[in-house]
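Source file: query11.txt (compact mmCIF, C-alpha atoms and all ligand atoms)
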```txt
# COMPACT_ATOMS: atom_id res chain seq x y z
CA MET U 25 -243.66 -101.82 -169.97
CA TYR U 26 -241.58 -104.50 -168.29
CA THR U 27 -238.39 -103.26 -169.95
CA ALA U 28 -239.15 -99.66 -169.01
CA MET U 29 -239.67 -100.66 -165.36
CA LYS U 30 -236.50 -102.68 -165.41
CA LYS U 31 -234.60 -99.74 -166.83
CA LEU U 32 -236.04 -97.44 -164.18
CA LEU U 33 -235.11 -99.89 -161.44
CA LEU U 34 -231.59 -100.20 -162.81
CA LEU U 35 -231.28 -96.42 -162.93
CA LEU U 36 -232.51 -96.17 -159.33
CA CYS U 37 -230.02 -98.79 -158.15
CA LEU U 38 -227.27 -96.99 -159.98
CA LEU U 39 -228.21 -93.66 -158.41
CA VAL U 40 -228.48 -95.15 -154.92
CA GLY U 41 -225.21 -96.98 -155.50
CA ILE U 42 -223.40 -93.87 -156.63
CA HIS U 43 -224.91 -91.92 -153.76
CA SER U 44 -223.79 -94.37 -151.05
CA PHE U 45 -220.38 -94.69 -152.69
CA ALA U 46 -219.88 -90.93 -152.55
CA GLN U 47 -220.94 -90.87 -148.90
CA GLN U 48 -218.59 -93.60 -147.75
CA THR U 49 -215.82 -93.15 -145.18
CA GLU U 50 -213.10 -95.64 -146.10
CA ASN U 51 -210.28 -94.04 -144.12
CA VAL U 52 -210.21 -92.29 -140.78
CA ILE U 53 -207.59 -89.98 -139.27
CA ILE U 54 -207.94 -89.40 -135.54
CA ILE U 55 -206.11 -86.36 -134.20
CA THR U 56 -205.73 -85.21 -130.60
CA THR U 57 -204.00 -82.19 -129.09
CA ASP U 58 -203.38 -82.73 -125.39
CA GLY U 59 -205.33 -80.72 -122.81
CA PHE U 60 -206.50 -77.98 -125.15
CA ARG U 61 -209.41 -76.07 -123.62
CA TRP U 62 -212.87 -75.69 -125.18
CA GLU U 63 -212.66 -72.06 -124.06
CA GLU U 64 -210.02 -71.25 -126.69
CA ILE U 65 -211.68 -73.44 -129.34
CA PHE U 66 -214.93 -71.47 -129.16
CA GLN U 67 -213.77 -68.06 -127.91
CA GLY U 68 -210.20 -67.76 -129.15
CA MET U 69 -207.50 -66.10 -127.11
CA ASP U 70 -208.50 -65.27 -123.52
CA SER U 71 -207.54 -61.64 -122.82
CA ALA U 72 -207.67 -62.23 -119.04
CA ILE U 73 -204.80 -64.72 -119.39
CA ALA U 74 -202.94 -62.79 -122.09
CA ASN U 75 -202.90 -59.67 -119.90
CA GLN U 76 -201.15 -61.37 -116.97
CA LYS U 77 -197.40 -60.83 -116.91
CA GLN U 78 -196.67 -64.26 -115.46
CA PHE U 79 -198.30 -65.87 -118.54
CA ASN U 80 -197.40 -63.53 -121.41
CA HIS U 81 -193.58 -63.33 -121.19
CA GLY U 82 -193.99 -59.57 -120.89
CA ASP U 83 -195.14 -59.45 -124.51
CA SER U 84 -198.91 -59.08 -124.50
CA GLU U 85 -198.54 -56.79 -127.53
CA TYR U 86 -197.52 -59.74 -129.71
CA LEU U 87 -200.42 -61.84 -128.43
CA PHE U 88 -203.00 -59.12 -129.02
CA LYS U 89 -201.57 -58.26 -132.43
CA THR U 90 -201.58 -61.89 -133.53
CA TYR U 91 -204.71 -63.40 -132.01
CA TRP U 92 -207.00 -60.67 -130.70
CA SER U 93 -210.23 -59.26 -132.07
CA ALA U 94 -213.11 -57.83 -130.06
CA ASP U 95 -215.41 -59.95 -132.23
CA VAL U 96 -215.47 -63.53 -130.95
CA ASN U 97 -216.00 -65.03 -134.42
CA GLU U 98 -213.01 -63.17 -135.79
CA ARG U 99 -210.95 -63.95 -132.71
CA ARG U 100 -211.40 -67.72 -132.74
CA LYS U 101 -210.74 -67.77 -136.48
CA LYS U 102 -207.42 -66.00 -135.96
CA LEU U 103 -206.34 -68.74 -133.58
CA LEU U 104 -207.79 -71.70 -135.51
CA PRO U 105 -208.39 -70.67 -139.14
CA PHE U 106 -208.98 -74.17 -140.52
CA MET U 107 -211.35 -75.09 -137.71
CA TRP U 108 -213.42 -71.94 -138.24
CA SER U 109 -213.47 -72.09 -142.02
CA THR U 110 -213.52 -75.62 -143.44
CA ILE U 111 -214.57 -77.66 -140.38
CA ALA U 112 -217.20 -75.11 -139.30
CA ALA U 113 -218.59 -74.99 -142.86
CA LYS U 114 -218.46 -78.68 -143.81
CA GLY U 115 -218.11 -80.63 -140.57
CA GLN U 116 -219.37 -80.65 -136.98
CA LEU U 117 -218.08 -79.06 -133.76
CA TYR U 118 -219.30 -79.99 -130.30
CA GLY U 119 -218.57 -78.51 -126.88
CA ASN U 120 -219.53 -74.82 -126.79
CA ARG U 121 -220.84 -74.78 -123.23
CA ILE U 122 -221.89 -71.13 -123.51
CA LEU U 123 -224.62 -72.45 -125.82
CA GLY U 124 -225.30 -75.45 -123.57
CA ASN U 125 -223.56 -77.90 -125.88
CA LYS U 126 -221.42 -80.08 -123.63
CA VAL U 127 -218.79 -82.75 -124.11
CA ASN U 128 -217.39 -84.34 -120.95
CA ASN U 129 -214.85 -86.83 -119.76
CA ALA U 130 -216.86 -89.76 -118.39
CA ASN U 131 -213.78 -90.86 -116.43
CA PRO U 132 -213.40 -89.20 -113.01
CA TYR U 133 -209.68 -88.34 -113.30
CA TRP U 134 -209.28 -85.58 -115.97
CA PHE U 135 -205.72 -86.32 -116.96
CA SER U 136 -204.05 -87.98 -119.91
CA TYR U 137 -203.82 -91.79 -119.66
CA PRO U 138 -207.43 -92.18 -118.44
CA GLY U 139 -208.57 -89.71 -121.14
CA TYR U 140 -206.82 -91.41 -124.04
CA SER U 141 -207.93 -94.80 -122.76
CA GLU U 142 -211.54 -93.53 -122.70
CA ILE U 143 -211.23 -92.17 -126.26
CA MET U 144 -209.69 -95.34 -127.67
CA CYS U 145 -211.53 -98.02 -125.66
CA GLY U 146 -214.97 -96.37 -125.55
CA TYR U 147 -215.11 -97.34 -121.95
CA VAL U 148 -214.14 -96.05 -118.49
CA ASP U 149 -211.99 -98.46 -116.53
CA THR U 150 -211.57 -96.75 -113.14
CA ALA U 151 -208.52 -98.94 -112.48
CA VAL U 152 -206.74 -96.90 -115.17
CA ASN U 153 -205.89 -94.11 -112.74
CA SER U 154 -202.32 -92.93 -113.35
CA ASN U 155 -200.13 -91.78 -116.23
CA GLY U 156 -197.68 -94.46 -115.20
CA TYR U 157 -200.31 -97.21 -115.54
CA LYS U 158 -199.20 -100.54 -116.97
CA PRO U 159 -200.00 -101.63 -120.56
CA ASN U 160 -203.73 -101.09 -121.05
CA PRO U 161 -205.64 -104.33 -120.40
CA ASN U 162 -208.63 -103.01 -122.40
CA THR U 163 -209.02 -103.57 -126.13
CA ASN U 164 -208.98 -100.31 -128.10
CA VAL U 165 -210.80 -99.43 -131.32
CA LEU U 166 -207.60 -99.19 -133.38
CA GLU U 167 -206.73 -102.75 -132.39
CA PHE U 168 -210.30 -103.84 -133.18
CA LEU U 169 -210.10 -102.23 -136.63
CA ASN U 170 -206.69 -103.79 -137.28
CA HIS U 171 -208.30 -107.19 -136.70
CA GLN U 172 -210.78 -106.62 -139.55
CA PRO U 173 -209.55 -108.41 -142.71
CA ALA U 174 -209.97 -105.31 -144.93
CA LEU U 175 -207.92 -103.15 -142.52
CA LYS U 176 -205.25 -105.58 -141.34
CA GLY U 177 -201.85 -103.88 -141.45
CA LYS U 178 -203.50 -100.58 -142.45
CA VAL U 179 -203.55 -99.08 -138.93
CA ALA U 180 -200.83 -96.93 -137.32
CA ALA U 181 -200.42 -94.49 -134.44
CA PHE U 182 -197.98 -91.61 -133.90
CA GLY U 183 -197.78 -89.92 -130.51
CA ALA U 184 -195.48 -87.24 -129.12
CA TRP U 185 -195.80 -88.79 -125.64
CA ASP U 186 -194.08 -92.11 -124.87
CA ALA U 187 -197.05 -93.41 -122.82
CA PHE U 188 -198.89 -94.34 -126.03
CA ASP U 189 -196.95 -97.62 -126.17
CA ARG U 190 -198.80 -98.55 -122.96
CA ILE U 191 -202.11 -96.75 -123.59
CA LEU U 192 -202.54 -98.59 -126.90
CA ASN U 193 -200.75 -101.72 -125.61
CA GLU U 194 -198.40 -101.89 -128.59
CA PRO U 195 -197.12 -105.45 -127.97
CA ARG U 196 -200.65 -106.85 -127.90
CA SER U 197 -202.35 -104.51 -130.39
CA GLY U 198 -200.34 -105.57 -133.43
CA PHE U 199 -200.07 -102.20 -135.19
CA PRO U 200 -197.13 -99.76 -135.06
CA VAL U 201 -197.15 -97.16 -132.28
CA VAL U 202 -194.37 -94.64 -132.95
CA SER U 203 -194.08 -92.52 -129.84
CA ALA U 204 -191.77 -89.85 -128.41
CA PHE U 205 -188.17 -90.58 -129.49
CA ASP U 206 -188.87 -93.92 -131.21
CA SER U 207 -187.14 -93.81 -134.56
CA CYS U 208 -189.53 -93.96 -137.51
CA GLY U 209 -189.37 -95.94 -140.75
CA GLY U 210 -188.55 -99.35 -139.25
CA ASN U 211 -185.78 -101.29 -141.01
CA HIS U 212 -186.18 -99.44 -144.29
CA PRO U 213 -186.52 -95.75 -143.54
CA THR U 214 -187.00 -93.34 -146.44
CA ALA U 215 -184.54 -90.46 -146.89
CA ASN U 216 -187.04 -88.19 -145.13
CA GLU U 217 -187.40 -90.63 -142.23
CA HIS U 218 -183.60 -90.78 -141.88
CA LEU U 219 -183.53 -87.00 -141.64
CA ILE U 220 -186.45 -86.84 -139.18
CA ASN U 221 -184.74 -89.41 -136.93
CA ALA U 222 -181.42 -87.56 -137.01
CA MET U 223 -183.00 -84.16 -136.31
CA MET U 224 -185.14 -85.55 -133.49
CA LYS U 225 -182.09 -87.08 -131.85
CA ASP U 226 -180.29 -83.73 -131.89
CA SER U 227 -183.34 -81.58 -131.11
CA TYR U 228 -184.10 -79.41 -128.09
CA LYS U 229 -185.86 -81.62 -125.54
CA PRO U 230 -187.88 -79.33 -123.26
CA PHE U 231 -189.96 -82.26 -121.98
CA GLY U 232 -187.09 -84.67 -121.40
CA MET U 233 -187.20 -88.08 -123.05
CA ASP U 234 -190.92 -88.61 -122.26
CA GLU U 235 -192.11 -86.43 -125.10
CA CYS U 236 -190.73 -85.02 -128.32
CA LEU U 237 -191.73 -81.73 -129.93
CA ASP U 238 -194.91 -82.02 -132.04
CA VAL U 239 -193.09 -81.17 -135.25
CA PHE U 240 -191.37 -84.58 -135.28
CA THR U 241 -194.57 -86.53 -134.64
CA HIS U 242 -196.30 -84.59 -137.41
CA TYR U 243 -193.59 -85.15 -140.03
CA GLU U 244 -193.31 -88.85 -139.11
CA ALA U 245 -197.07 -89.28 -139.51
CA MET U 246 -197.18 -87.36 -142.82
CA GLU U 247 -194.36 -89.47 -144.25
CA TYR U 248 -196.21 -92.63 -143.21
CA LEU U 249 -199.50 -91.36 -144.66
CA LYS U 250 -197.89 -90.60 -148.02
CA ASN U 251 -195.84 -93.81 -148.31
CA LYS U 252 -197.61 -96.54 -146.33
CA ARG U 253 -201.13 -95.27 -147.04
CA PRO U 254 -202.91 -96.40 -143.85
CA LYS U 255 -206.71 -96.60 -143.66
CA VAL U 256 -206.74 -95.82 -139.94
CA LEU U 257 -204.22 -93.28 -138.65
CA TYR U 258 -203.93 -91.75 -135.19
CA ILE U 259 -201.81 -88.64 -134.56
CA SER U 260 -201.39 -87.32 -131.02
CA TYR U 261 -199.84 -83.90 -130.44
CA GLY U 262 -198.70 -82.95 -126.95
CA GLU U 263 -197.35 -79.40 -126.79
CA THR U 264 -200.64 -77.66 -125.91
CA ASP U 265 -200.63 -79.44 -122.53
CA GLU U 266 -196.92 -78.96 -121.86
CA TRP U 267 -196.89 -75.21 -122.51
CA ALA U 268 -200.05 -74.73 -120.44
CA HIS U 269 -198.46 -76.50 -117.46
CA ALA U 270 -195.46 -74.23 -117.91
CA GLY U 271 -197.77 -71.18 -117.81
CA GLN U 272 -196.57 -70.08 -121.25
CA TYR U 273 -199.76 -68.83 -122.88
CA LYS U 274 -198.04 -67.67 -126.06
CA SER U 275 -196.52 -71.12 -126.71
CA TYR U 276 -199.84 -72.80 -125.79
CA LEU U 277 -201.68 -70.70 -128.38
CA GLU U 278 -198.98 -71.14 -131.01
CA ALA U 279 -198.96 -74.91 -130.52
CA ALA U 280 -202.74 -74.97 -131.11
CA HIS U 281 -202.43 -72.63 -134.11
CA GLN U 282 -199.81 -74.99 -135.56
CA VAL U 283 -201.94 -78.09 -135.00
CA ASP U 284 -204.79 -76.34 -136.84
CA ALA U 285 -202.41 -75.63 -139.75
CA TRP U 286 -201.26 -79.27 -139.77
CA ILE U 287 -204.86 -80.50 -139.91
CA GLN U 288 -205.32 -78.25 -142.93
CA GLU U 289 -202.18 -79.78 -144.48
CA ILE U 290 -203.51 -83.30 -143.81
CA TRP U 291 -206.91 -82.37 -145.26
CA ASN U 292 -205.33 -80.80 -148.36
CA PHE U 293 -203.26 -83.94 -148.85
CA VAL U 294 -206.17 -86.36 -148.54
CA GLN U 295 -208.47 -84.24 -150.72
CA ASN U 296 -205.85 -84.23 -153.49
CA ASP U 297 -205.09 -87.96 -153.39
CA PRO U 298 -207.21 -90.49 -155.32
CA GLN U 299 -207.16 -93.10 -152.51
CA TYR U 300 -208.28 -90.65 -149.86
CA ARG U 301 -210.31 -87.95 -151.66
CA ASN U 302 -213.93 -87.79 -150.42
CA LYS U 303 -213.42 -91.09 -148.58
CA THR U 304 -211.56 -89.85 -145.50
CA THR U 305 -212.93 -88.56 -142.20
CA ILE U 306 -210.96 -86.56 -139.65
CA PHE U 307 -211.96 -86.86 -135.98
CA PHE U 308 -210.31 -84.21 -133.78
CA THR U 309 -210.49 -84.00 -129.98
CA THR U 310 -208.58 -83.80 -126.70
CA ASP U 311 -207.93 -86.03 -123.68
CA HIS U 312 -209.09 -83.60 -120.96
CA GLY U 313 -209.89 -79.95 -120.27
CA ARG U 314 -208.21 -77.49 -117.91
CA GLY U 315 -209.24 -75.08 -115.17
CA ASP U 316 -210.58 -71.61 -115.71
CA VAL U 317 -208.76 -68.32 -115.56
CA GLN U 318 -210.64 -66.78 -112.62
CA LYS U 319 -209.23 -69.37 -110.28
CA ALA U 320 -205.84 -69.12 -112.03
CA GLN U 321 -206.22 -72.80 -112.85
CA TRP U 322 -206.01 -72.68 -116.65
CA THR U 323 -202.49 -74.13 -116.42
CA SER U 324 -203.68 -77.24 -114.63
CA HIS U 325 -206.12 -80.14 -114.74
CA GLY U 326 -207.00 -83.30 -112.80
CA GLN U 327 -209.60 -84.12 -110.16
CA GLY U 328 -208.73 -81.13 -107.96
CA VAL U 329 -209.31 -78.64 -110.79
CA ALA U 330 -212.93 -77.62 -111.33
CA ASP U 331 -214.09 -77.80 -114.97
CA ALA U 332 -211.14 -79.92 -116.18
CA TYR U 333 -213.61 -82.60 -117.36
CA GLN U 334 -214.96 -80.20 -120.01
CA ILE U 335 -213.80 -81.12 -123.51
CA TRP U 336 -214.84 -80.77 -127.18
CA CYS U 337 -214.69 -82.66 -130.45
CA ALA U 338 -214.83 -81.91 -134.18
CA VAL U 339 -215.51 -84.14 -137.20
CA LEU U 340 -215.02 -83.56 -140.93
CA GLY U 341 -215.62 -86.07 -143.71
CA PRO U 342 -217.75 -87.28 -146.61
CA SER U 343 -220.42 -89.04 -144.54
CA VAL U 344 -220.67 -86.31 -141.88
CA ASN U 345 -223.58 -83.86 -142.17
CA ALA U 346 -222.49 -80.22 -142.31
CA LEU U 347 -224.00 -79.12 -138.98
CA GLY U 348 -221.10 -76.77 -138.28
CA GLU U 349 -220.86 -75.48 -134.71
CA VAL U 350 -223.65 -77.36 -132.94
CA LYS U 351 -225.64 -74.70 -131.12
CA THR U 352 -228.34 -76.83 -129.54
CA SER U 353 -228.04 -77.96 -125.94
CA GLY U 354 -226.80 -81.50 -125.56
CA GLN U 355 -224.46 -83.79 -123.68
CA LEU U 356 -221.83 -86.05 -125.20
CA TYR U 357 -219.16 -88.11 -123.49
CA GLN U 358 -215.61 -88.95 -124.49
CA LYS U 359 -216.38 -92.67 -124.24
CA GLN U 360 -218.67 -92.30 -127.27
CA PHE U 361 -215.77 -91.50 -129.63
CA ALA U 362 -214.51 -95.08 -130.12
CA GLN U 363 -217.82 -96.46 -131.40
CA THR U 364 -218.31 -93.31 -133.49
CA ILE U 365 -214.97 -93.97 -135.19
CA ALA U 366 -215.83 -97.66 -135.74
CA LYS U 367 -219.29 -96.82 -137.16
CA LEU U 368 -217.83 -94.19 -139.50
CA MET U 369 -215.68 -97.01 -140.90
CA GLY U 370 -218.72 -99.30 -141.22
CA TYR U 371 -218.04 -101.53 -138.20
CA THR U 372 -219.54 -102.10 -134.77
CA PHE U 373 -216.84 -102.08 -132.11
CA VAL U 374 -217.23 -105.02 -129.76
CA ALA U 375 -214.73 -105.89 -127.04
CA GLU U 376 -214.39 -107.80 -123.76
CA HIS U 377 -215.54 -104.57 -122.02
CA PRO U 378 -218.73 -102.54 -122.63
CA VAL U 379 -218.52 -99.92 -125.41
CA ALA U 380 -220.55 -96.67 -125.21
CA GLU U 381 -222.88 -95.79 -128.08
CA ALA U 382 -221.73 -93.77 -131.07
CA ILE U 383 -222.62 -90.07 -131.42
CA GLU U 384 -225.91 -90.32 -133.32
CA THR U 385 -225.56 -87.01 -135.16
CA VAL U 386 -222.13 -87.99 -136.51
CA VAL U 387 -223.00 -91.47 -137.77
CA HIS U 388 -226.79 -90.84 -138.34
ZN ZN U 401 -201.22 -82.30 -118.37
```

Could you write out this file's structure as structure tokens?
Amino acid sequence: MYTAMKKLLLLLCLLVGIHSFAQQTENVIIITTDGFRWEEIFQGMDSAIANQKQFNHGDSEYLFKTYWSADVNERRKKLLPFMWSTIAAKGQLYGNRILGNKVNNANPYWFSYPGYSEIMCGYVDTAVNSNGYKPNPNTNVLEFLNHQPALKGKVAAFGAWDAFDRILNEPRSGFPVVSAFDSCGGNHPTANEHLINAMMKDSYKPFGMDECLDVFTHYEAMEYLKNKRPKVLYISYGETDEWAHAGQYKSYLEAAHQVDAWIQEIWNFVQNDPQYRNKTTIFFTTDHGRGDVQKAQWTSHGQGVADAYQIWCAVLGPSVNALGEVKTSGQLYQKQFAQTIAKLMGYTFVAEHPVAEAIETVVH
């Protein structure tokens, strides 16, 4: 009897052990695409914008051929196929305000530095009120994770925009922040990193020296992921915001479509790699929203633009319940992302500033 009970207990422990092992997030990849609207995430291409000559380069035919369907489910899937197949089936998506599911900036500014600071610090510091703000005095979650013994030296950030050196306070944080035209690969670049650096130097620079094209940031981050094998990786794409400001709807949509394809590439890589497979969570969001089309404000954002506080987020990973597009009414805030990321990794983010609570339905 005793032996049988012992055997049963052992079997139970083994089952529980295997179960929790399979559910564990050991790596996290945080991805942002700057100022991408929830409207396009959940409804796909907006025909009211695509039909306006000033926004469509006189080629609405291309836009309608490439991204349009009268059916909203088809339409959003044409724009973001990975989002509306794999993430919608296996992950979670928040922010469809038509269904009453809301994600907001908690900060009152609705532009980039305050938004990224809110994402990374889990806290609104109202003193952080310009894109030119000094190095961030507030501890961020990447820095916190890099201080954990198991993660030390396993954290890195890649951003198209040069402000990330300040937003993440690179000198203080202690992990690499490769931003804008920083060369990648440090003192011992791989052959690929050499090539990326050379091509970036000679590339078209539509945003001046403040921001490189997303393609460079993506290839730098992929090379780092494959060779340095970080446990915490942040990738920040910037073109969605830049093309929207420029009123170029086609380029805005194509930048988002490309980011979706890159997330698929990242997911395919991690799911085919023994270190990362079934142990890696992707957290995807944006720094702020934009205005709506009726007021011709979709190109802009900031305090003077109604609705620019409206954002979204998506999560995909082994410990995340497959809720898909969350269709119940609810209210989340951007400041909840930092603790959510920490909890997914098995830590509680504590800092010298308050940290908002994690999203309960992500970390359960
Ligand atoms: Zn902007």

Hey, which bits of chain U sit within 8 Å of ligand ZN 401 (chain U), and for each residue what's the closest pair of atoms and how far apart in Å (one decimal), counting all atoms listed in the file, rows by chain and increasing number, as a Markdown table?
```
| residue | atom | partner | partner_atom | distance |
| --- | --- | --- | --- | --- |
| U:Asp58 | CA | U:ZN401 | ZN | 7.4 |
| U:Gly59 | CA | U:ZN401 | ZN | 6.3 |
| U:Phe135 | CA | U:ZN401 | ZN | 6.2 |
| U:Ser136 | CA | U:ZN401 | ZN | 6.5 |
| U:Asp265 | CA | U:ZN401 | ZN | 5.1 |
| U:Glu266 | CA | U:ZN401 | ZN | 6.5 |
| U:Ala268 | CA | U:ZN401 | ZN | 7.9 |
| U:His269 | CA | U:ZN401 | ZN | 6.5 |
| U:Ser324 | CA | U:ZN401 | ZN | 6.8 |
| U:His325 | CA | U:ZN401 | ZN | 6.5 |
```

Next item on the list: Tell me, in Å to one decimal, how far atom CA of U:Gly232 is from atom CA of U:Phe205.
Entry: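 Going from atom CA of U:Gly232 over to atom CA of U:Phe205 covers 10.1 Å.
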
Next item on the list: For the point (-208.4, -66.1, -127.8) in the file's frame, write as a ChimeraX atom specification all residues with an atom no more than 8 Å away, counting all atoms listed in the file.
Entry: /U:64,67-71,91-92,99-100,103

Next item on the list: Could you tell me which of U:Thr241, U:Asn125, U:Asn164, U:Thr90 comes closest to U:His377 if we count only C-alpha atoms?
Entry: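 Of all the options, U:Asn164 lies closest to U:His377.
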
Margin query: With only C-alpha atoms as the counted atoms, please give the residues lying no more than 9 Å from stretch 309-319 of chain U, apart from itself and same-chain residues fewer than 2 positions off, as a ChimeraX atom specification.
Written below: /U:54-63,70,72-73,128-129,134-143,268,307,321-326,329-339,358

Notebook entry, point to check: With distances taken over all atoms listed in the file, which of U:Met107, U:Phe182, U:Met233, U:Lys252 is nearest to U:Thr214?
Noted result: U:Lys252

Margin query: Nearest residue to U:Phe199 out of U:Phe168, U:Trp108, U:Phe88, U:Trp185, using only C-alpha atoms?
Written below: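 So, comparing all the options, the nearest one is U:Phe168.
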
Margin query: Please compute the atom CA of U:Gly198-atom CA of U:Leu166 distance, one decimal, in Å.
Written below: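 Separation between atom CA of U:Gly198 and atom CA of U:Leu166: 9.7 Å.
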
Notebook entry, point to check: Interatomic distance between atom CA of U:Tyr258 and atom CA of U:Asn120?
Noted result: 24.5 Å

Next item on the list: Mind checking which residues fall within 8 Å of U:Ser343, counting all atoms listed in the file, ignoring those fewer than 3 positions away in the same chain, and posting them as a PyMOL selection string?
Entry: chain U and resi 47-49+305+368+387

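Counting only C-alpha atoms and comparing U:Ser84, U:Asn193, U:Ser203, U:Asn51, the residue that lies closest to U:Ile259 is U:Ser203.
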
Next item on the list: Determine the nearest neighbour of U:Val344 from the options U:Gly328, U:Gly156, U:Gly115, U:Pro105, counting all atoms listed in the file.
Entry: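 Result for the nearest residue to U:Val344: U:Gly115.
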